[in-house]
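Asks: Contents of my_file.txt (compact mmCIF, C-alpha atoms (C1' of nucleotides) and all ligand atoms):
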```
# COMPACT_ATOMS: atom_id res chain seq x y z
CA MET P 534 -18.90 -24.57 -6.33
CA LYS P 535 -18.23 -27.57 -8.42
CA LEU P 536 -20.00 -30.70 -9.42
CA ASN P 537 -17.98 -33.81 -8.75
CA THR P 538 -17.02 -36.36 -11.33
CA LYS P 539 -19.08 -39.10 -9.76
CA SER P 540 -22.33 -37.32 -10.56
CA ARG P 541 -21.11 -36.24 -13.94
CA TYR P 542 -20.01 -39.73 -14.86
CA ALA P 543 -23.23 -41.22 -13.54
CA VAL P 544 -25.37 -39.00 -15.73
CA MET P 545 -23.06 -39.55 -18.66
CA ALA P 546 -23.07 -43.31 -18.28
CA LEU P 547 -26.84 -43.46 -17.91
CA ALA P 548 -27.28 -41.26 -20.96
CA ASP P 549 -25.07 -43.66 -22.85
CA MET P 550 -27.17 -46.54 -21.61
CA ALA P 551 -30.31 -44.79 -22.75
CA ILE P 552 -28.92 -44.46 -26.26
CA PHE P 553 -28.09 -48.14 -26.45
CA SER P 554 -31.07 -49.40 -24.51
CA ASP P 555 -32.38 -51.36 -27.49
CA LYS P 556 -29.93 -54.02 -26.41
CA LYS P 557 -31.13 -56.16 -23.54
CA ALA P 558 -28.47 -55.05 -21.09
CA VAL P 559 -25.58 -52.64 -21.44
CA SER P 560 -22.27 -53.72 -19.96
CA LEU P 561 -20.01 -51.39 -18.10
CA ARG P 562 -17.15 -52.39 -20.36
CA ASP P 563 -19.02 -50.96 -23.34
CA ILE P 564 -19.88 -47.76 -21.53
CA SER P 565 -16.32 -47.45 -20.37
CA LEU P 566 -15.00 -47.75 -23.90
CA ARG P 567 -17.54 -45.44 -25.47
CA GLN P 568 -17.40 -42.70 -22.86
CA GLY P 569 -13.82 -42.98 -21.76
CA ILE P 570 -14.59 -43.56 -18.12
CA SER P 571 -12.53 -45.94 -16.00
CA LEU P 572 -14.24 -49.30 -15.73
CA LEU P 573 -13.34 -49.67 -12.08
CA TYR P 574 -14.77 -46.29 -11.32
CA LEU P 575 -17.96 -47.09 -13.18
CA GLU P 576 -18.36 -50.20 -11.10
CA GLN P 577 -18.30 -48.14 -7.97
CA ILE P 578 -20.85 -45.74 -9.37
CA PHE P 579 -23.23 -48.41 -10.60
CA LEU P 580 -23.07 -50.14 -7.26
CA ARG P 581 -24.79 -47.12 -5.81
CA LEU P 582 -27.18 -46.75 -8.70
CA LYS P 583 -28.24 -50.30 -8.16
CA LYS P 584 -28.66 -49.94 -4.42
CA ASN P 585 -30.88 -46.95 -5.07
CA LYS P 586 -32.99 -48.77 -7.62
CA ILE P 587 -32.00 -46.72 -10.60
CA VAL P 588 -30.76 -49.76 -12.48
CA ASN P 589 -31.06 -53.52 -12.40
CA SER P 590 -28.13 -55.79 -13.00
CA VAL P 591 -27.95 -58.88 -15.14
CA ARG P 592 -25.04 -61.15 -14.33
CA GLY P 593 -23.18 -63.47 -16.56
CA ILE P 594 -21.74 -63.37 -19.96
CA ASN P 595 -24.26 -61.20 -21.75
CA GLY P 596 -25.06 -59.27 -18.65
CA GLY P 597 -24.98 -55.62 -17.88
CA TYR P 598 -27.40 -53.08 -16.53
CA THR P 599 -30.95 -52.15 -17.41
CA PHE P 600 -33.14 -49.28 -16.32
CA VAL P 601 -35.69 -49.69 -13.56
CA LYS P 602 -37.63 -46.66 -14.76
CA SER P 603 -37.45 -45.67 -18.40
CA PRO P 604 -35.26 -42.69 -19.29
CA LYS P 605 -38.45 -40.77 -20.00
CA GLU P 606 -39.47 -41.09 -16.37
CA LEU P 607 -36.10 -40.97 -14.70
CA LYS P 608 -35.42 -37.63 -13.09
CA ILE P 609 -31.90 -36.28 -12.85
CA SER P 610 -32.56 -35.57 -9.21
CA ASP P 611 -33.03 -39.30 -8.66
CA ILE P 612 -29.59 -39.95 -10.04
CA LEU P 613 -27.88 -37.31 -7.95
CA LEU P 614 -29.67 -38.48 -4.86
CA ALA P 615 -28.39 -41.99 -5.43
CA LEU P 616 -24.85 -40.64 -5.23
CA ASP P 617 -25.50 -38.53 -2.12
CA GLN P 618 -25.06 -35.47 -4.23
CA LYS P 619 -27.82 -33.33 -2.93
CA VAL P 620 -27.03 -29.69 -3.40
CA LYS P 621 -26.10 -28.16 -0.11
CA THR P 622 -25.77 -24.45 0.00
CA ILE P 623 -26.71 -23.64 3.55
CA GLY P 624 -24.12 -23.86 6.29
CA CYS P 625 -26.45 -24.97 9.03
CA LYS P 626 -28.33 -28.18 9.62
CA LYS P 627 -31.62 -28.00 7.78
CA ASP P 628 -33.85 -28.70 10.75
CA SER P 629 -31.60 -27.61 13.55
CA LYS P 630 -32.49 -24.55 15.57
CA LYS P 631 -28.83 -23.57 15.59
CA SER P 632 -27.48 -21.24 12.97
CA CYS P 633 -24.37 -21.81 10.89
CA ASN P 634 -22.28 -19.64 13.18
CA GLY P 635 -23.42 -21.28 16.38
CA LYS P 636 -25.91 -18.59 17.35
CA SER P 637 -29.47 -19.34 18.26
CA THR P 638 -31.20 -17.54 15.41
CA LYS P 639 -30.79 -18.24 11.72
CA CYS P 640 -28.12 -16.07 10.13
CA ILE P 641 -28.94 -13.16 7.83
CA THR P 642 -28.15 -15.12 4.70
CA HIS P 643 -30.00 -18.30 5.59
CA ASN P 644 -33.11 -17.57 3.57
CA PHE P 645 -31.04 -16.66 0.57
CA TRP P 646 -29.17 -19.95 0.49
CA ASP P 647 -32.38 -21.79 1.02
CA GLU P 648 -33.89 -20.09 -1.99
CA LEU P 649 -30.83 -20.95 -4.06
CA ASP P 650 -31.13 -24.54 -2.99
CA LEU P 651 -34.70 -24.66 -4.19
CA HIS P 652 -33.77 -23.00 -7.45
CA ILE P 653 -31.14 -25.56 -8.27
CA ASN P 654 -33.03 -28.59 -7.13
CA SER P 655 -36.09 -27.68 -9.12
CA PHE P 656 -33.90 -27.77 -12.19
CA PHE P 657 -32.91 -31.34 -11.46
CA GLU P 658 -36.46 -32.26 -10.54
CA ASN P 659 -37.82 -31.10 -13.84
CA LYS P 660 -35.24 -32.74 -16.07
CA ARG P 661 -35.59 -36.29 -17.24
CA LEU P 662 -32.73 -38.36 -18.58
CA SER P 663 -34.44 -38.51 -21.96
CA ASP P 664 -34.30 -34.72 -22.19
CA LEU P 665 -30.53 -34.91 -22.54
CA LEU P 666 -30.74 -36.95 -25.68
CA LYS P 667 -32.83 -34.61 -27.75
CA ASN P 668 -31.11 -33.25 -30.82
CA LYS P 669 -28.34 -35.74 -30.35
CA GLU P 670 -27.34 -38.07 -33.10
CA VAL P 671 -26.16 -41.41 -31.87
CA ARG P 672 -22.39 -41.63 -31.94
CA LEU P 673 -20.61 -44.95 -31.95
CA MET H 168 -22.09 -30.20 -4.74
CA LYS H 169 -21.46 -27.75 -2.02
CA LEU H 170 -20.88 -24.07 -1.64
CA ASN H 171 -17.67 -23.31 0.20
CA THR H 172 -17.42 -21.27 3.34
CA LYS H 173 -15.45 -18.50 1.68
CA SER H 174 -18.37 -17.50 -0.52
CA ARG H 175 -20.86 -17.97 2.25
CA TYR H 176 -18.84 -15.85 4.63
CA ALA H 177 -18.27 -13.20 2.01
CA VAL H 178 -21.97 -12.79 1.36
CA MET H 179 -22.71 -12.90 5.06
CA ALA H 180 -20.09 -10.30 5.90
CA LEU H 181 -21.20 -7.97 3.14
CA ALA H 182 -24.81 -8.32 4.21
CA ASP H 183 -23.71 -7.38 7.71
CA MET H 184 -21.88 -4.39 6.29
CA ALA H 185 -24.96 -3.35 4.39
CA ILE H 186 -26.99 -3.34 7.58
CA PHE H 187 -24.47 -1.17 9.35
CA SER H 188 -23.55 0.98 6.41
CA ASP H 189 -24.80 4.16 8.09
CA LYS H 190 -21.42 4.20 9.79
CA LYS H 191 -18.61 5.58 7.69
CA ALA H 192 -16.63 2.37 7.54
CA VAL H 193 -17.29 -1.04 9.03
CA SER H 194 -14.34 -2.80 10.63
CA LEU H 195 -13.69 -6.48 10.23
CA ARG H 196 -13.48 -6.82 13.97
CA ASP H 197 -17.09 -5.74 14.29
CA ILE H 198 -18.24 -8.08 11.55
CA SER H 199 -16.26 -10.88 13.11
CA LEU H 200 -17.94 -10.34 16.47
CA ARG H 201 -21.44 -9.94 15.10
CA GLN H 202 -21.36 -12.81 12.64
CA GLY H 203 -19.04 -15.19 14.42
CA ILE H 204 -16.54 -15.44 11.63
CA SER H 205 -12.80 -15.66 12.32
CA LEU H 206 -11.14 -12.26 11.96
CA LEU H 207 -8.11 -13.71 10.22
CA TYR H 208 -10.30 -15.49 7.74
CA LEU H 209 -12.28 -12.35 7.07
CA GLU H 210 -9.07 -10.50 6.29
CA GLN H 211 -8.23 -13.02 3.65
CA ILE H 212 -11.69 -12.75 2.14
CA PHE H 213 -11.77 -8.95 2.13
CA LEU H 214 -8.38 -8.82 0.52
CA ARG H 215 -9.95 -10.40 -2.53
CA LEU H 216 -13.08 -8.29 -2.32
CA LYS H 217 -10.89 -5.24 -2.37
CA LYS H 218 -8.77 -6.43 -5.26
CA ASN H 219 -11.95 -6.98 -7.21
CA LYS H 220 -13.34 -3.58 -6.40
CA ILE H 221 -16.26 -4.73 -4.34
CA VAL H 222 -15.11 -2.73 -1.33
CA ASN H 223 -12.80 0.14 -0.50
CA SER H 224 -10.66 0.14 2.58
CA VAL H 225 -10.02 2.90 5.05
CA ARG H 226 -6.90 2.42 7.12
CA GLY H 227 -6.16 3.66 10.54
CA ILE H 228 -7.88 3.82 13.82
CA ASN H 229 -11.45 4.37 12.70
CA GLY H 230 -10.96 2.47 9.51
CA GLY H 231 -12.77 -0.42 7.97
CA TYR H 232 -14.42 -1.14 4.66
CA THR H 233 -16.99 0.67 2.55
CA PHE H 234 -18.92 -0.39 -0.52
CA VAL H 235 -17.80 0.62 -3.98
CA LYS H 236 -21.27 0.01 -5.40
CA SER H 237 -24.26 0.34 -3.13
CA PRO H 238 -25.89 -2.88 -1.91
CA LYS H 239 -28.83 -2.07 -4.18
CA GLU H 240 -26.58 -2.34 -7.20
CA LEU H 241 -24.20 -5.02 -6.05
CA LYS H 242 -24.96 -8.35 -7.66
CA ILE H 243 -24.28 -11.57 -5.82
CA SER H 244 -22.53 -12.82 -8.93
CA ASP H 245 -19.99 -10.02 -8.51
CA ILE H 246 -19.18 -11.26 -5.05
CA LEU H 247 -18.77 -14.87 -6.07
CA LEU H 248 -16.65 -13.88 -9.02
CA ALA H 249 -14.32 -11.97 -6.72
CA LEU H 250 -13.67 -15.20 -4.84
CA ASP H 251 -13.13 -17.30 -7.97
CA GLN H 252 -16.31 -19.07 -7.17
CA LYS H 253 -17.84 -19.31 -10.56
CA VAL H 254 -20.13 -22.24 -10.78
CA LYS H 255 -18.43 -24.94 -12.76
CA THR H 256 -20.54 -27.85 -13.74
CA ILE H 257 -18.96 -28.91 -16.98
CA GLY H 258 -15.96 -31.17 -16.99
CA CYS H 259 -14.29 -29.72 -20.03
CA LYS H 260 -12.63 -26.42 -20.67
CA LYS H 261 -15.28 -23.94 -21.77
CA ASP H 262 -13.68 -22.94 -25.02
CA SER H 263 -11.57 -25.95 -25.71
CA LYS H 264 -12.45 -28.19 -28.60
CA LYS H 265 -11.60 -31.19 -26.44
CA SER H 266 -14.32 -32.96 -24.53
CA CYS H 267 -14.16 -33.85 -20.86
CA ASN H 268 -13.13 -37.40 -21.64
CA GLY H 269 -10.38 -36.45 -24.04
CA LYS H 270 -12.34 -37.14 -27.21
CA SER H 271 -12.61 -34.63 -29.99
CA THR H 272 -16.35 -33.99 -29.84
CA LYS H 273 -18.28 -32.65 -26.88
CA CYS H 274 -19.69 -35.39 -24.69
CA ILE H 275 -23.38 -36.28 -24.66
CA THR H 276 -24.02 -34.45 -21.41
CA HIS H 277 -22.17 -31.27 -22.24
CA ASN H 278 -25.21 -29.27 -23.25
CA PHE H 279 -27.02 -30.31 -20.13
CA TRP H 280 -24.32 -29.07 -17.77
CA ASP H 281 -24.06 -25.91 -19.73
CA GLU H 282 -27.74 -25.32 -19.28
CA LEU H 283 -27.45 -25.97 -15.57
CA ASP H 284 -24.62 -23.53 -15.39
CA LEU H 285 -26.75 -20.86 -16.98
CA HIS H 286 -29.65 -21.66 -14.70
CA ILE H 287 -27.59 -21.19 -11.56
CA ASN H 288 -25.66 -18.17 -12.70
CA SER H 289 -28.79 -16.32 -13.73
CA PHE H 290 -29.96 -16.68 -10.16
CA PHE H 291 -26.84 -14.94 -8.90
CA GLU H 292 -27.02 -12.37 -11.66
CA ASN H 293 -30.51 -11.35 -10.71
CA LYS H 294 -29.98 -11.06 -6.99
CA ARG H 295 -28.66 -7.92 -5.38
CA LEU H 296 -27.16 -7.79 -1.95
CA SER H 297 -29.99 -5.56 -0.78
CA ASP H 298 -32.48 -8.29 -1.66
CA LEU H 299 -31.13 -10.39 1.19
CA LEU H 300 -32.06 -7.80 3.75
CA LYS H 301 -35.74 -7.52 3.00
CA ASN H 302 -37.99 -8.57 5.84
CA LYS H 303 -35.03 -8.65 8.13
CA GLU H 304 -35.02 -6.66 11.31
CA VAL H 305 -31.62 -5.39 12.26
CA ARG H 306 -30.08 -7.51 14.95
CA LEU H 307 -27.27 -6.22 17.15
C1' DC E 667 -17.87 -79.12 -17.41
C1' DA E 668 -14.71 -75.36 -18.05
C1' DA E 669 -13.74 -70.93 -19.05
C1' DA E 670 -14.76 -66.34 -19.92
C1' DA E 671 -17.55 -62.38 -19.34
C1' DA E 672 -19.59 -59.52 -16.32
C1' DC E 673 -21.35 -58.00 -11.92
C1' DT E 674 -20.17 -57.45 -6.33
C1' DT E 675 -18.01 -55.54 -2.54
C1' DG E 676 -15.03 -53.61 0.78
C1' DA E 677 -10.81 -51.59 1.55
C1' DC E 678 -7.19 -48.70 0.36
C1' DT E 679 -4.63 -44.51 -1.35
C1' DA E 680 -2.56 -40.50 -3.68
C1' DT E 681 -3.77 -35.96 -4.74
C1' DT E 682 -6.32 -31.88 -4.34
C1' DT E 683 -9.21 -28.71 -2.05
C1' DT E 684 -10.80 -26.55 1.93
C1' DG E 685 -10.75 -23.89 5.79
C1' DG E 686 -8.42 -21.84 8.05
C1' DT E 687 -3.86 -19.73 10.99
C1' DC E 688 0.63 -17.18 11.53
C1' DG E 689 3.80 -13.64 11.30
C1' DG E 690 5.32 -9.68 10.17
C1' DG E 691 4.27 -5.80 8.05
C1' DT E 692 1.98 -0.48 6.89
C1' DA E 693 -1.15 3.51 7.44
C1' DT E 694 -3.64 6.80 10.29
C1' DA E 695 -6.42 9.10 14.02
C1' DT E 696 -5.94 10.73 18.50
C1' DA B 535 3.64 7.46 20.59
C1' DT B 536 0.59 4.10 20.33
C1' DA B 537 -3.38 1.63 19.53
C1' DT B 538 -6.36 0.26 15.94
C1' DA B 539 -7.13 -1.55 11.71
C1' DC B 540 -5.89 -2.93 7.06
C1' DC B 541 -2.15 -5.66 4.06
C1' DC B 542 -0.12 -9.80 2.29
C1' DG B 543 2.36 -13.98 1.55
C1' DA B 544 3.28 -18.30 3.37
C1' DC B 545 1.97 -22.14 5.74
C1' DC B 546 -0.69 -26.22 7.39
C1' DA B 547 -4.02 -29.91 9.08
C1' DA B 548 -7.99 -32.17 7.85
C1' DA B 549 -11.39 -33.57 4.73
C1' DA B 550 -13.03 -34.73 0.25
C1' DT B 551 -12.17 -36.48 -4.31
C1' DA B 552 -11.06 -39.54 -7.82
C1' DG B 553 -9.80 -43.41 -8.49
C1' DT B 554 -7.41 -48.35 -7.86
C1' DC B 555 -7.01 -53.14 -6.05
C1' DA B 556 -8.08 -57.60 -4.71
C1' DA B 557 -10.81 -61.15 -4.24
C1' DG B 558 -14.77 -62.72 -5.01
C1' DT B 559 -19.84 -64.69 -7.31
C1' DT B 560 -22.97 -65.64 -11.09
C1' DT B 561 -24.32 -66.97 -15.57
C1' DT B 562 -23.78 -68.13 -20.47
C1' DT B 563 -21.78 -70.63 -24.02
C1' DG B 564 -18.81 -73.95 -26.36
S1 LIG P 701 -27.10 -20.75 6.69
FE1 LIG P 701 -28.60 -21.36 8.08
S2 LIG P 701 -28.10 -20.15 9.77
FE2 LIG P 701 -26.60 -19.50 8.39
S1 LIG P 702 -18.80 -31.71 -20.25
FE1 LIG P 702 -18.03 -30.70 -21.98
S2 LIG P 702 -17.44 -32.41 -23.15
FE2 LIG P 702 -18.19 -33.39 -21.43
```
Take the structure in the file and write it out as C-alpha cells.
Replies:
Amino acid sequence: MKLNTKSRYAVMALADMAIFSDKKAVSLRDISLRQGISLLYLEQIFLRLKKNKIVNSVRGINGGYTFVKSPKELKISDILLALDQKVKTIGCKKDSKKSCNGKSTKCITHNFWDELDLHINSFFENKRLSDLLKNKEVRL
Amino acid sequence: MKLNTKSRYAVMALADMAIFSDKKAVSLRDISLRQGISLLYLEQIFLRLKKNKIVNSVRGINGGYTFVKSPKELKISDILLALDQKVKTIGCKKDSKKSCNGKSTKCITHNFWDELDLHINSFFENKRLSDLLKNKEVRL
DNA sequence: CAAAAACTTGACTATTTTGGTCGGGTATAT
DNA sequence: ATATACCCGACCAAAATAGTCAAGTTTTTG
C-alpha cells in the first residue's frame, strides 16, 4: 500500500504555495525550484487541480496559480479527489451486489475493508492544508 | 492509493481458516474453493505467512495449515507485515537524513505523511483477525 | 510591437509493480 | 504405491506509475 508521487507532489506543491501566498500568484517554476519537483510534472498535476477548482490560473508574465479556497478551508481530501486518488481498499465495486470473488454475497472481509476505508478518509477529511504548516518556519 | 490483492487475499484466507479452525488443519484447496482464490496464488501467499510464523504447515494427505497464534491474538498488522505490505506514505527513507526531493532537510509535508502513516498503522495494530468474524454467520 | 514568461493540452514512453502461472519438487497418511 | 498436499524458485503478461515532449495560447513589459 503506497501513496503515489502525484498526490504527494500535489500536497507538497500546494503547501509551498500556501507559504508564499502573500505574492499575487505563485508560478510553477518557483515551486519546481523550491521543492525539487519536475516542472513538466507539476504542469500535469496543476492541470487537474485547476479542472477540479482547487486553484485558479493567471496567465502571462507574472502569472501563476492562486487558491480558490484559502488553505485554512482546503481539505486534503479535496486535493486527493482532484487527482483521482480516492483510497480504495475493497476489492468489489462499492454499490455492486457482486462480491470481490464473483460470488453473490459480500465476502467475509468486506466490512473490514470498508471500515478501513472510512478510517483513512476521515483523516483526510479532517485535515486542512493550513494544518501542515504549523510549527514550520518558512524556508527559502 | 490501493491495497493489493495479496494482502486482501491473505486476510480473506486467514479469516476463512479461522472459521474452519475446528478442523485440525485447513488445506489451501478448501480455502481456494470456498473463497474463489487461485490455489497457486494462495500457495505463494502462504509461503510467506509460514516464513513469518503466522501459520504452521502440516504436510501429507490430511495436511494443511494451522495458526501459530490464535485468531484472537493475531493482529492484522502481523499479516500485512508478513507480506511486506507496510503502509508507506512518505517519499523519503524513514531514517535517512535526506529528504524525498534530495535536499538535506525534511520536506514540508514530511510530518504530515508520517502522521498519516501512524493513523493507518494503528488501525491495523488494534484489529485482531477474530474481530472480522463478529456478526458473521458461517457460510459453507 | 516584439519577446519572454507562464499557463494549456494531448500524446507518448520507459520502468516498475502487480497479479498471477508453471514446473518440478518433497513429505506423509492410507 | 499413490494420492494429497505443502514447497519453492523462476517466469511472464498486463497494468499502473512517473515522467517527458511538442506544440501551442495568453498576457505583461520594454
Ligand atoms: S471486498 Fe467487497 S465483497 Fe470482498
Ligand atoms: S516525505 Fe520525508 S522528506 Fe519529503
Asks: Of the candidates P:His652, P:Arg541, P:Arg661, P:Lys626, which shows the shortest atom-to-atom distance to ligand LIG 702 (chain P), using all atoms listed in the file?
Replies: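 So, comparing all the options, the nearest one is P:Arg541.
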Asks: Counting only C-alpha atoms (C1' of nucleotides), what is within 9 Å of DA539 (chain B), bar same-chain residues fewer than 2 positions away, as number ranges by chain?
Replies: H: 194-196, 225-231; E: 693
Asks: Looking at all atoms listed in the file, which of H:Gln202, H:Leu181, H:Ser188, H:Glu292 is the one that sits closest to ligand LIG 701 (chain P)?
Replies: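 Among the listed residues, the smallest separation from ligand LIG 701 (chain P) belongs to H:Gln202.
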Asks: What separation in Å, quoted to one decimal, exists between C1' of DA668 (chain E) and CA of Ser565 (chain P)?
Replies: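 For C1' of DA668 (chain E) relative to CA of Ser565 (chain P), the distance reads 28.1 Å.
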Asks: Compute the chain P side of the contact with chain B at 12 Å, counting all atoms listed in the file, and hand it back as a PyMOL selection string.
Replies: chain P and resi 535-540+542+570-578+590-597
Asks: Would you work out the distance separating C1' of DG690 (chain E) from CA of Lys217 (chain H), expressed in Å to one decimal?
Replies: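 We find that C1' of DG690 (chain E) and CA of Lys217 (chain H) lie 21.0 Å from each other.
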Asks: So how far away is CA of Asn585 (chain P) from C1' of DT675 (chain E), in Å?
Replies: 15.7 Å
Asks: Within 12 Å of ligand LIG 701 (chain P), which residues of chain P show up? Give each one with its shortest atom-to-atom distance in Å (one decimal) and the two atoms involved, counting only C-alpha atoms and all ligand atoms, rows by chain then rising residue number, as a Markdown table.
Replies:
```
| residue | atom | partner | partner_atom | distance |
| --- | --- | --- | --- | --- |
| P:Lys621 | CA | P:LIG701 | S1 | 10.1 |
| P:Thr622 | CA | P:LIG701 | S1 | 7.8 |
| P:Ile623 | CA | P:LIG701 | S1 | 4.3 |
| P:Gly624 | CA | P:LIG701 | S1 | 4.3 |
| P:Cys625 | CA | P:LIG701 | FE1 | 4.3 |
| P:Lys626 | CA | P:LIG701 | FE1 | 7.0 |
| P:Lys627 | CA | P:LIG701 | FE1 | 7.3 |
| P:Asp628 | CA | P:LIG701 | FE1 | 9.4 |
| P:Ser629 | CA | P:LIG701 | FE1 | 8.8 |
| P:Lys630 | CA | P:LIG701 | S2 | 8.5 |
| P:Lys631 | CA | P:LIG701 | S2 | 6.8 |
| P:Ser632 | CA | P:LIG701 | S2 | 3.4 |
| P:Cys633 | CA | P:LIG701 | FE2 | 4.1 |
| P:Asn634 | CA | P:LIG701 | FE2 | 6.5 |
| P:Gly635 | CA | P:LIG701 | S2 | 8.2 |
| P:Lys636 | CA | P:LIG701 | S2 | 8.0 |
| P:Ser637 | CA | P:LIG701 | S2 | 8.6 |
| P:Thr638 | CA | P:LIG701 | S2 | 6.9 |
| P:Lys639 | CA | P:LIG701 | S2 | 3.8 |
| P:Cys640 | CA | P:LIG701 | S2 | 4.1 |
| P:Ile641 | CA | P:LIG701 | FE2 | 6.8 |
| P:Thr642 | CA | P:LIG701 | FE2 | 5.9 |
| P:His643 | CA | P:LIG701 | S1 | 4.0 |
| P:Asn644 | CA | P:LIG701 | FE1 | 7.4 |
| P:Phe645 | CA | P:LIG701 | S1 | 8.3 |
| P:Trp646 | CA | P:LIG701 | S1 | 6.6 |
| P:Asp647 | CA | P:LIG701 | S1 | 7.8 |
| P:Glu648 | CA | P:LIG701 | S1 | 11.0 |
| P:Leu649 | CA | P:LIG701 | S1 | 11.4 |
| P:Asp650 | CA | P:LIG701 | S1 | 11.1 |
```
Asks: Can you work out which one of P:Leu582, P:Ala546, P:Leu607, P:Met534 has the shortest atom-to-atom distance to ligand LIG 702 (chain P), counting all atoms listed in the file?
Replies: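 Result for the nearest residue to ligand LIG 702 (chain P): P:Ala546.
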Asks: When distances are computed from only C-alpha atoms and all ligand atoms, which of P:Met545, P:Ile612, P:Leu651, P:Ile564 shows the smallest separation from ligand LIG 702 (chain P)?
Replies: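 Going through P:Met545, P:Ile612, P:Leu651, P:Ile564 one by one, the smallest distance to ligand LIG 702 (chain P) is for P:Met545.
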